[in-house]
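Colleague: run-v2.txt is reproduced in full below (compact mmCIF, C-alpha atoms).
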```
# COMPACT_ATOMS: atom_id res chain seq x y z
CA MET A 4 107.52 14.84 53.38
CA PHE A 5 109.78 17.92 53.46
CA LEU A 6 112.76 15.70 54.26
CA LEU A 7 112.35 14.00 50.89
CA LEU A 8 112.49 17.21 48.91
CA PRO A 9 116.33 17.53 48.87
CA PHE A 10 116.59 13.90 47.71
CA ASP A 11 114.01 14.45 44.98
CA SER A 12 115.84 17.57 43.88
CA LEU A 13 119.11 15.64 43.73
CA VAL A 14 117.52 12.92 41.58
CA VAL A 15 116.06 15.51 39.22
CA ASN A 16 119.41 17.29 38.95
CA LEU A 17 121.27 14.02 38.26
CA LEU A 18 118.68 13.07 35.65
CA GLY A 19 118.99 16.45 33.98
CA ILE A 20 122.79 16.24 33.97
CA SER A 21 122.65 12.71 32.50
CA ILE A 22 120.31 13.78 29.70
CA THR A 23 122.48 16.81 28.94
CA VAL A 24 125.65 14.71 28.83
CA LEU A 25 123.96 12.08 26.63
CA PHE A 26 122.65 14.69 24.20
CA THR A 27 126.06 16.39 24.07
CA LEU A 28 127.77 13.07 23.30
CA LEU A 29 125.20 12.33 20.58
CA LEU A 30 125.69 15.76 19.08
CA VAL A 31 129.49 15.73 19.16
CA PHE A 32 130.26 12.12 18.26
CA ILE A 33 127.33 11.09 16.04
CA ILE A 34 125.07 13.87 14.72
CA VAL A 35 127.71 16.46 13.75
CA PRO A 36 130.06 13.85 12.15
CA ALA A 37 127.04 12.44 10.27
CA ILE A 38 126.18 15.89 8.91
CA PHE A 39 129.69 16.34 7.48
CA GLY A 40 130.16 12.69 6.48
CA VAL A 41 133.02 12.18 8.95
CA SER A 42 133.73 8.96 10.84
CA PHE A 43 135.95 8.54 13.90
CA GLY A 44 136.36 4.80 13.23
CA ILE A 45 134.44 3.81 16.38
CA ARG A 46 132.05 1.55 14.45
CA LYS A 47 134.89 -0.37 12.78
CA VAL A 48 136.59 -0.97 16.15
CA TYR A 49 133.20 -2.10 17.47
CA MET A 50 132.82 -4.53 14.52
CA LYS A 51 136.31 -6.03 14.99
CA THR A 52 135.64 -6.51 18.71
CA LEU A 53 132.37 -8.29 17.96
CA LEU A 54 134.11 -10.61 15.49
CA LYS A 55 136.62 -11.69 18.14
CA ILE A 56 133.81 -12.32 20.64
CA PHE A 57 131.87 -14.37 18.06
CA GLN A 58 134.97 -16.46 17.30
CA TRP A 59 135.54 -17.13 20.99
CA ALA A 60 131.87 -18.08 21.53
CA THR A 61 131.93 -20.47 18.55
CA LEU A 62 135.10 -22.18 19.78
CA ARG A 63 133.62 -22.47 23.26
CA ILE A 64 130.47 -24.10 21.88
CA GLU A 65 132.51 -26.59 19.85
CA ARG A 66 134.73 -27.43 22.84
CA GLY A 67 131.74 -27.79 25.17
CA ALA A 68 130.03 -30.15 22.73
CA LYS A 69 133.13 -32.35 22.53
CA GLU A 70 133.55 -32.45 26.32
CA LYS A 71 129.96 -33.63 26.77
CA ASN A 72 130.09 -35.96 23.75
CA HIS A 73 127.20 -34.13 22.16
CA PRO A 74 127.05 -34.10 18.37
CA LEU A 75 127.72 -30.62 17.10
CA TYR A 76 124.59 -30.24 15.02
CA LYS A 77 124.90 -27.74 12.23
CA PRO A 78 121.66 -25.82 11.71
CA TYR A 79 119.80 -25.86 8.46
CA VAL A 80 121.25 -23.23 6.19
CA ASN A 81 119.48 -21.84 3.18
CA GLY A 82 122.28 -23.01 0.98
CA ILE A 83 122.31 -22.93 -2.77
CA ILE A 84 122.52 -26.10 -4.81
CA ALA A 85 124.48 -25.34 -7.94
CA LYS A 86 122.94 -26.84 -11.08
CA GLU A 87 124.29 -26.94 -14.58
CA PRO A 88 121.99 -25.05 -16.96
CA THR A 89 120.53 -27.69 -19.27
CA SER A 90 117.50 -27.66 -21.54
CA LEU A 91 114.46 -29.92 -21.40
CA GLU A 92 115.48 -31.58 -24.66
CA GLU A 93 119.01 -32.36 -23.48
CA GLU A 94 117.85 -33.93 -20.22
CA ILE A 95 115.21 -36.09 -21.91
CA LYS A 96 117.78 -37.26 -24.47
CA GLU A 97 120.07 -38.24 -21.60
CA ILE A 98 117.30 -40.34 -20.04
CA ARG A 99 116.54 -41.97 -23.40
CA ARG A 100 120.23 -42.66 -23.99
CA SER A 101 120.46 -44.72 -20.79
CA GLY A 102 117.33 -46.80 -21.29
CA SER A 103 116.20 -46.93 -24.89
CA SER A 104 117.42 -48.43 -28.14
CA LYS A 105 115.41 -46.02 -30.30
CA ALA A 106 116.85 -43.01 -32.03
CA LEU A 107 117.40 -40.17 -29.59
CA ASP A 108 115.95 -37.60 -31.99
CA ALA A 109 112.84 -39.64 -32.77
CA PRO A 110 109.86 -37.22 -32.61
CA GLU A 111 107.59 -39.52 -30.60
CA PHE A 112 106.59 -40.11 -27.01
CA GLU A 113 108.50 -42.60 -24.87
CA LEU A 114 107.45 -43.92 -21.49
CA SER A 115 110.85 -42.99 -20.04
CA ASP A 116 110.06 -39.29 -20.64
CA ILE A 117 107.75 -39.46 -17.63
CA PHE A 118 110.78 -39.89 -15.35
CA TYR A 119 112.07 -36.45 -16.35
CA PHE A 120 108.90 -34.70 -15.17
CA CYS A 121 108.73 -36.85 -12.01
CA ARG A 122 112.32 -35.97 -11.15
CA LYS A 123 111.75 -32.27 -11.81
CA GLY A 124 108.68 -32.29 -9.58
CA ILE A 125 110.53 -33.95 -6.69
CA GLU A 126 113.53 -31.60 -7.11
CA THR A 127 111.19 -28.61 -6.96
CA ILE A 128 109.63 -29.86 -3.72
CA MET A 129 112.97 -30.71 -2.07
CA ASP A 130 114.94 -27.73 -3.36
CA ASP A 131 112.47 -24.97 -4.07
CA GLU A 132 114.32 -22.03 -5.61
CA VAL A 133 111.61 -19.53 -4.71
CA THR A 134 110.15 -19.94 -1.22
CA LYS A 135 113.50 -20.40 0.52
CA ARG A 136 114.55 -16.96 -0.79
CA PHE A 137 111.94 -15.48 1.56
CA SER A 138 113.24 -16.92 4.84
CA ALA A 139 116.12 -15.56 6.88
CA GLU A 140 119.49 -17.15 6.34
CA GLU A 141 120.56 -19.31 9.31
CA LEU A 142 124.19 -18.93 10.35
CA GLU A 143 126.70 -21.71 10.83
CA SER A 144 128.21 -19.95 13.85
CA TRP A 145 126.47 -18.21 16.73
CA ASN A 146 126.56 -14.41 17.00
CA LEU A 147 125.02 -14.20 20.49
CA LEU A 148 121.57 -13.49 19.06
CA SER A 149 119.10 -16.17 20.12
CA ARG A 150 117.05 -15.64 16.95
CA THR A 151 119.99 -16.62 14.69
CA ASN A 152 120.65 -20.13 15.98
CA TYR A 153 117.77 -22.38 16.98
CA ASN A 154 120.10 -25.13 18.19
CA PHE A 155 121.96 -23.24 20.90
CA GLN A 156 121.89 -25.06 24.22
CA TYR A 157 123.45 -24.36 27.60
CA ILE A 158 127.21 -24.92 27.29
CA SER A 159 128.83 -23.02 30.13
CA LEU A 160 128.13 -20.33 32.70
CA ARG A 161 130.57 -17.90 31.07
CA LEU A 162 128.88 -18.20 27.69
CA THR A 163 125.44 -17.71 29.21
CA VAL A 164 126.62 -14.66 31.17
CA LEU A 165 128.12 -13.25 27.97
CA TRP A 166 124.82 -13.74 26.15
CA GLY A 167 122.93 -12.03 29.01
CA LEU A 168 125.38 -9.14 28.97
CA GLY A 169 124.80 -8.82 25.23
CA VAL A 170 121.03 -8.63 25.78
CA LEU A 171 121.48 -5.83 28.30
CA ILE A 172 123.79 -3.88 25.97
CA ARG A 173 121.51 -4.24 22.96
CA TYR A 174 118.21 -3.49 24.69
CA CYS A 175 119.24 -1.11 27.48
CA PHE A 176 121.96 0.92 25.76
CA LEU A 177 121.93 0.50 21.97
CA LEU A 178 118.14 0.46 21.52
CA PRO A 179 117.42 3.78 23.32
CA LEU A 180 120.41 5.38 21.59
CA ARG A 181 119.24 4.22 18.17
CA ILE A 182 115.65 5.30 18.77
CA ALA A 183 116.89 8.76 19.75
CA LEU A 184 118.99 8.99 16.59
CA ALA A 185 116.17 7.74 14.37
CA PHE A 186 113.77 10.27 15.91
CA THR A 187 116.34 13.02 15.38
CA GLY A 188 116.94 12.04 11.74
CA ILE A 189 113.24 11.76 10.85
CA SER A 190 112.35 15.02 12.66
CA LEU A 191 115.11 16.91 10.87
CA LEU A 192 114.04 15.40 7.53
CA VAL A 193 110.41 16.51 7.94
CA THR A 194 111.32 19.94 9.31
CA GLY A 195 114.18 20.61 6.89
CA THR A 196 112.34 19.57 3.72
CA THR A 197 109.25 21.53 4.77
CA VAL A 198 111.29 24.71 5.25
CA VAL A 199 113.24 24.21 2.01
CA GLY A 200 109.95 23.62 0.20
CA TYR A 201 108.93 27.25 0.77
CA LEU A 202 111.99 28.57 -1.05
CA PRO A 203 111.66 29.62 -4.72
CA ASN A 204 112.88 27.11 -7.28
CA GLY A 205 116.50 27.56 -8.18
CA ARG A 206 120.05 26.48 -7.43
CA CYS A 207 119.86 27.47 -3.78
CA LYS A 208 116.76 25.32 -3.19
CA ASP A 209 118.28 22.34 -5.04
CA PHE A 210 121.53 22.66 -3.06
CA LEU A 211 119.77 22.83 0.31
CA SER A 212 117.36 20.02 -0.59
CA LYS A 213 120.18 17.66 -1.52
CA HIS A 214 122.15 18.32 1.63
CA VAL A 215 119.15 18.18 3.97
CA HIS A 216 118.26 14.76 2.55
CA LEU A 217 121.88 13.58 2.74
CA MET A 218 122.34 14.81 6.31
CA CYS A 219 119.16 13.15 7.60
CA TYR A 220 119.84 9.84 5.84
CA ARG A 221 123.33 9.74 7.35
CA ILE A 222 121.89 10.25 10.83
CA CYS A 223 119.39 7.41 10.19
CA VAL A 224 122.28 5.20 9.07
CA ARG A 225 123.99 5.90 12.39
CA ALA A 226 120.74 4.89 14.11
CA LEU A 227 121.27 1.35 12.75
CA THR A 228 125.01 1.31 13.52
CA ALA A 229 125.41 0.65 9.80
CA ILE A 230 128.94 -0.05 8.59
CA ILE A 231 128.88 0.42 4.81
CA THR A 232 131.71 -0.08 2.32
CA TYR A 233 131.18 1.67 -1.01
CA HIS A 234 133.09 0.47 -4.09
CA ASP A 235 133.72 2.18 -7.46
CA ARG A 236 132.18 5.51 -6.51
CA GLU A 237 133.11 6.96 -9.90
CA ASN A 238 130.14 4.98 -11.27
CA ARG A 239 127.58 6.63 -9.00
CA PRO A 240 124.27 7.48 -10.73
CA ARG A 241 123.96 10.86 -12.45
CA ASN A 242 121.07 13.17 -13.25
CA GLY A 243 118.68 11.98 -15.91
CA GLY A 244 119.33 8.30 -15.23
CA ILE A 245 117.75 5.42 -13.35
CA CYS A 246 119.49 3.63 -10.49
CA VAL A 247 118.38 -0.01 -10.08
CA ALA A 248 119.48 -2.29 -7.24
CA ASN A 249 118.65 -5.64 -5.70
CA HIS A 250 116.20 -5.38 -2.83
CA THR A 251 116.66 -6.90 0.63
CA SER A 252 115.21 -4.40 3.05
CA PRO A 253 113.44 -1.03 3.29
CA ILE A 254 116.73 0.37 4.59
CA ASP A 255 118.26 -0.17 1.13
CA VAL A 256 116.98 3.34 0.45
CA ILE A 257 118.94 5.02 3.23
CA ILE A 258 121.99 2.84 2.55
CA LEU A 259 122.21 4.30 -0.98
CA ALA A 260 120.85 7.78 -0.22
CA SER A 261 123.48 8.34 2.48
CA ASP A 262 126.12 8.34 -0.27
CA GLY A 263 124.32 10.17 -3.08
CA TYR A 264 121.29 12.13 -4.19
CA TYR A 265 118.19 10.35 -5.51
CA ALA A 266 114.57 10.97 -6.39
CA MET A 267 112.40 8.28 -4.82
CA VAL A 268 109.59 6.39 -6.50
CA GLY A 269 106.78 4.82 -4.54
CA GLN A 270 103.16 4.57 -3.57
CA ILE A 271 101.56 7.26 -1.42
CA HIS A 272 101.05 6.12 2.18
CA GLY A 273 99.13 7.41 5.15
CA GLY A 274 100.21 7.97 8.74
CA LEU A 275 103.80 8.87 9.60
CA MET A 276 105.10 7.67 6.22
CA GLY A 277 102.59 9.92 4.48
CA VAL A 278 103.76 12.94 6.51
CA ILE A 279 107.37 12.21 5.52
CA GLN A 280 106.44 11.79 1.84
CA ARG A 281 104.50 15.04 1.70
CA ALA A 282 107.36 16.93 3.33
CA MET A 283 110.00 15.39 1.04
CA VAL A 284 108.16 16.12 -2.19
CA LYS A 285 108.02 19.84 -1.32
CA ALA A 286 111.81 20.07 -1.48
CA CYS A 287 112.63 17.50 -4.17
CA PRO A 288 110.69 16.14 -7.21
CA HIS A 289 110.09 12.64 -5.89
CA VAL A 290 107.61 10.53 -7.85
CA TRP A 291 104.74 9.37 -5.63
CA PHE A 292 101.77 7.44 -7.02
CA GLU A 293 98.23 6.96 -5.79
CA ARG A 294 97.21 3.34 -5.22
CA SER A 295 94.98 3.40 -8.31
CA GLU A 296 97.78 4.87 -10.46
CA VAL A 297 100.32 2.17 -9.55
CA LYS A 298 98.22 -0.41 -11.41
CA ASP A 299 98.32 1.68 -14.59
CA ARG A 300 101.68 0.66 -16.08
CA HIS A 301 101.47 3.18 -18.93
CA LEU A 302 100.83 6.08 -16.56
CA VAL A 303 103.79 5.06 -14.38
CA ALA A 304 106.05 4.79 -17.44
CA LYS A 305 104.90 8.23 -18.62
CA ARG A 306 105.67 9.86 -15.26
CA LEU A 307 109.11 8.24 -15.12
CA THR A 308 109.89 9.20 -18.73
CA GLU A 309 109.02 12.83 -18.04
CA HIS A 310 111.31 12.81 -15.02
CA VAL A 311 114.41 11.32 -16.72
CA GLN A 312 114.05 13.59 -19.77
CA ASP A 313 114.77 16.56 -17.51
CA LYS A 314 118.55 16.29 -17.05
CA SER A 315 118.45 18.72 -14.14
CA LYS A 316 116.45 16.27 -12.01
CA LEU A 317 118.04 13.69 -9.72
CA PRO A 318 118.40 10.05 -10.80
CA ILE A 319 115.44 7.87 -9.91
CA LEU A 320 116.03 5.04 -7.42
CA ILE A 321 114.09 1.87 -8.29
CA PHE A 322 114.08 -1.71 -6.96
CA PRO A 323 112.77 -3.70 -9.96
CA GLU A 324 112.26 -6.96 -8.03
CA GLY A 325 109.24 -5.37 -6.37
CA THR A 326 109.72 -7.27 -3.10
CA CYS A 327 112.43 -8.05 -0.55
CA ILE A 328 114.66 -11.11 -1.18
CA ASN A 329 116.86 -12.65 1.55
CA ASN A 330 120.16 -11.41 0.08
CA THR A 331 121.17 -14.79 -1.38
CA SER A 332 119.68 -14.21 -4.83
CA VAL A 333 118.39 -11.72 -7.38
CA MET A 334 114.96 -12.50 -8.80
CA MET A 335 113.15 -11.30 -11.91
CA PHE A 336 113.30 -7.57 -12.66
CA LYS A 337 110.04 -5.98 -13.75
CA LYS A 338 110.52 -4.59 -17.24
CA GLY A 339 108.74 -1.24 -16.71
CA SER A 340 111.80 0.80 -15.73
CA PHE A 341 113.77 -0.66 -18.65
CA GLU A 342 111.25 0.41 -21.31
CA ILE A 343 111.90 4.12 -20.79
CA GLY A 344 115.16 4.28 -22.73
CA ALA A 345 117.17 6.07 -20.04
CA THR A 346 120.69 5.21 -18.93
CA VAL A 347 120.58 2.58 -16.18
CA TYR A 348 123.06 2.62 -13.28
CA PRO A 349 123.14 -0.85 -11.67
CA VAL A 350 124.02 -1.18 -7.98
CA ALA A 351 124.70 -4.41 -6.07
CA ILE A 352 124.06 -4.51 -2.30
CA LYS A 353 125.30 -7.41 -0.17
CA TYR A 354 124.68 -7.61 3.59
CA ASP A 355 126.82 -9.53 6.09
CA PRO A 356 124.38 -11.54 8.28
CA GLN A 357 126.95 -12.14 11.05
CA PHE A 358 126.00 -8.94 12.87
CA GLY A 359 122.31 -8.72 12.03
CA ASP A 360 119.93 -9.93 9.36
CA ALA A 361 118.64 -7.02 7.26
CA PHE A 362 116.10 -9.11 5.32
CA TRP A 363 112.47 -8.07 5.83
CA ASN A 364 110.05 -10.98 5.64
CA SER A 365 106.95 -8.82 5.23
CA SER A 366 104.62 -11.84 5.29
CA LYS A 367 105.90 -12.75 8.77
CA TYR A 368 106.79 -9.46 10.47
CA GLY A 369 105.14 -6.07 10.46
CA MET A 370 107.18 -2.90 10.01
CA VAL A 371 107.33 -2.11 13.75
CA THR A 372 108.49 -5.63 14.65
CA TYR A 373 111.03 -5.57 11.85
CA LEU A 374 112.48 -2.22 12.95
CA LEU A 375 112.69 -3.50 16.55
CA ARG A 376 114.65 -6.54 15.37
CA MET A 377 116.95 -4.30 13.35
CA MET A 378 117.57 -1.90 16.19
CA THR A 379 118.31 -4.71 18.64
CA SER A 380 120.85 -6.37 16.34
CA TRP A 381 124.55 -5.77 16.84
CA ALA A 382 124.99 -3.78 13.63
CA ILE A 383 124.12 -3.69 9.95
CA VAL A 384 127.19 -4.40 7.81
CA CYS A 385 127.03 -4.31 4.03
CA SER A 386 128.98 -3.65 0.83
CA VAL A 387 127.72 -1.54 -2.07
CA TRP A 388 129.13 -1.78 -5.61
CA TYR A 389 128.39 0.88 -8.22
CA LEU A 390 128.52 -0.81 -11.63
CA PRO A 391 129.29 0.98 -14.92
CA PRO A 392 126.21 2.54 -16.57
CA MET A 393 124.32 0.40 -19.07
CA THR A 394 122.09 1.32 -22.01
CA ARG A 395 119.61 -0.72 -24.03
CA GLN A 396 121.10 -2.16 -27.21
CA PRO A 397 119.25 -1.78 -30.55
CA GLU A 398 118.54 -5.51 -30.80
CA GLU A 399 117.35 -5.86 -27.19
CA ASP A 400 113.82 -5.68 -25.90
CA ALA A 401 113.02 -4.46 -22.39
CA VAL A 402 113.01 -7.98 -20.88
CA GLN A 403 116.42 -8.86 -22.33
CA PHE A 404 117.86 -5.57 -21.11
CA ALA A 405 116.43 -6.15 -17.62
CA ASN A 406 117.93 -9.65 -17.51
CA ARG A 407 121.34 -8.34 -18.61
CA VAL A 408 121.34 -5.73 -15.84
CA LYS A 409 120.15 -8.31 -13.30
CA SER A 410 122.93 -10.73 -14.27
CA ALA A 411 125.55 -8.00 -13.83
CA ILE A 412 124.25 -7.20 -10.33
CA ALA A 413 124.15 -10.88 -9.37
CA ARG A 414 127.75 -11.49 -10.52
CA GLN A 415 129.12 -8.47 -8.68
CA GLY A 416 127.25 -9.16 -5.44
CA GLY A 417 127.93 -12.91 -5.40
CA LEU A 418 124.20 -13.63 -5.64
CA VAL A 419 122.31 -16.35 -7.50
CA ASP A 420 120.64 -15.13 -10.69
CA LEU A 421 117.07 -16.48 -10.77
CA LEU A 422 114.44 -16.06 -13.48
CA TRP A 423 111.50 -16.46 -11.09
CA ASP A 424 109.20 -13.56 -10.28
CA GLY A 425 109.42 -12.36 -6.67
CA GLY A 426 105.65 -11.96 -6.78
CA LEU A 427 105.45 -15.73 -6.23
CA LYS A 428 106.03 -14.85 -2.57
CA ARG A 429 102.28 -14.24 -2.35
CA GLU A 430 100.87 -15.54 -5.64
CA LYS A 431 100.65 -18.84 -7.50
CA VAL A 432 102.74 -19.67 -10.53
CA LYS A 433 101.24 -18.14 -13.64
CA ASP A 434 99.74 -20.49 -16.21
CA ALA A 435 102.15 -19.02 -18.77
CA PHE A 436 105.08 -20.79 -17.07
CA LYS A 437 103.29 -24.14 -17.25
CA GLU A 438 102.27 -23.58 -20.85
CA GLU A 439 105.84 -22.72 -21.79
CA GLN A 440 107.09 -26.12 -20.56
CA GLN A 441 104.22 -27.88 -22.31
CA LYS A 442 105.06 -26.11 -25.58
CA LEU A 443 108.74 -27.10 -25.31
CA TYR A 444 107.90 -30.77 -24.85
CA SER A 445 105.20 -30.63 -27.54
CA LYS A 446 107.67 -29.10 -29.97
CA MET A 447 110.15 -31.86 -29.22
CA ILE A 448 107.59 -34.63 -29.77
CA VAL A 449 105.56 -33.24 -32.67
CA GLY A 450 108.39 -31.27 -34.23
CA SER A 451 108.36 -27.78 -35.63
CA HIS A 452 106.36 -26.72 -38.68
CA GLU A 453 109.50 -26.97 -40.85
CA ASP A 454 110.14 -30.55 -39.68
CA ARG A 455 106.58 -31.60 -40.55
CA SER A 456 106.73 -29.96 -44.00
CA ARG A 457 109.97 -31.81 -44.80
CA SER A 458 108.44 -35.14 -43.89
```
Kindly transcribe the structure held in the file into structure tokens.
Modeller:
Amino acid sequence: MFLLLPFDSLVVNLLGISITVLFTLLLVFIIVPAIFGVSFGIRKVYMKTLLKIFQWATLRIERGAKEKNHPLYKPYVNGIIAKEPTSLEEEIKEIRRSGSSKALDAPEFELSDIFYFCRKGIETIMDDEVTKRFSAEELESWNLLSRTNYNFQYISLRLTVLWGLGVLIRYCFLLPLRIALAFTGISLLVTGTTVVGYLPNGRCKDFLSKHVHLMCYRICVRALTAIITYHDRENRPRNGGICVANHTSPIDVIILASDGYYAMVGQIHGGLMGVIQRAMVKACPHVWFERSEVKDRHLVAKRLTEHVQDKSKLPILIFPEGTCINNTSVMMFKKGSFEIGATVYPVAIKYDPQFGDAFWNSSKYGMVTYLLRMMTSWAIVCSVWYLPPMTRQPEEDAVQFANRVKSAIARQGGLVDLLWDGGLKREKVKDAFKEEQQKLYSKMIVGSHEDRSRS
């Protein structure tokens, strides 16, 4: 027993030295640079290396498939079928033109009109614009993540060994490192905001609050190995305004907050999230709502209006879609944040799925599972565009203003602009949508009030 003591002591000493070296490396190369917003370029070199490995793996798969005479099956991709925007009346006239001798503008029912609704129904089933926006985008090429290509089969020993090596790196090296960084960032956020919260209100408190938030968010970004490219920074949101962005993931918050100062808006939670929220609100005037208050649209609008009227307060960060979309589209913006009358600062966020899919399918994965998938991906790569500020025009209502902002974000981010409500992820189509189509067809057949009065 006594003979083992020197060996045990050696193991303990080696373990202590390893932990000290690891912590020193984290502090010098990650935490301190994150605090001052400095980058050594290590992540970009890492990204370029991964791209070369992915290219080699894809070529090897293609060559192996040809050698074995296997068809190179391309996986199903959530592609986008481009359609020309046409009205119900135009499409029905086109059907009548090809199969009827009657006047195209005749205000009466024709049997051929049924084919329009049959075709629309089949198109909706085959190419649903809504539900496929809530499933992860499948890649054409393989990025050495088994969850991103369901059709990968054994090709060669070298490729399999490379995949196994990737698993070891992601789970045995990157995952512990990222967990340590995330724990550091969250601990500093709770501790720092709590301490700052005890200071008297004034410039000093505002200054420290901003930089504590910024520092902690930057450390959390490093925990995801996030490589972010910001464009047009001169358009960044300013005090007294509202920042609106498309929503793909809960990390959208830290992606934006690691480059600027924001007041958050959200529902009060319990557990760890509740501890973080209570600490944050002590240092900065974030807008948290009780569950019962969120349902009161007028109360929410009042709280937001009071916030933006104070030009000394930080811009509010809002995701008007209300749910996460898979980064191929932008869906309907809720009109509440556009009724306030404040200046709106649109932001477009576009993720690169080659290195890791940032989309959170909340109906399929819980938060813990989602974070594990994120932290075991290669990296999170995205681009952020700050668009010029926009204000509501005199002739616009809140819905029209929201749609104009949404269209600008979709164009800049290369996303599809959809009119559908993201709430359809969990709910059925509202009867109002069905009634709207019925009214359009009824108006075409019966005619408007002016048409009937003329006849």
Colleague: Which is closer to Ile279 (chain A) than all the others in A:Asn238, A:Ser340, A:Asn330, A:Thr194, using all atoms listed in the file?
Modeller: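 Looking only at the distances to Ile279 (chain A), the closest residue turns out to be A:Thr194.
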Colleague: Which one of A:Ile412, A:Ile45, A:Ala286, A:Leu54 sits closest to Cys207 (chain A) if you count all atoms listed in the file?
Modeller: A:Ala286
Colleague: What does the distance from CA of Tyr389 (chain A) to CA of His289 (chain A) come to in Å, to one decimal?
Modeller: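 Going from CA of Tyr389 (chain A) over to CA of His289 (chain A), I get 21.9 Å.
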Colleague: Name the residues in contact with Leu390 (chain A) at a cut-off of 12 Å, using all atoms listed in the file, excluding same-chain residues fewer than 2 positions from it; report them as a PyMOL selection string.
Modeller: chain A and resi 233-240+246-248+347-352+387-388+392-393+408-416
Colleague: CA of Gly274 (chain A) to CA of Leu192 (chain A): how many Å, to one decimal?
Modeller: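 Interatomic distance, CA of Gly274 (chain A) to CA of Leu192 (chain A): 15.7 Å.
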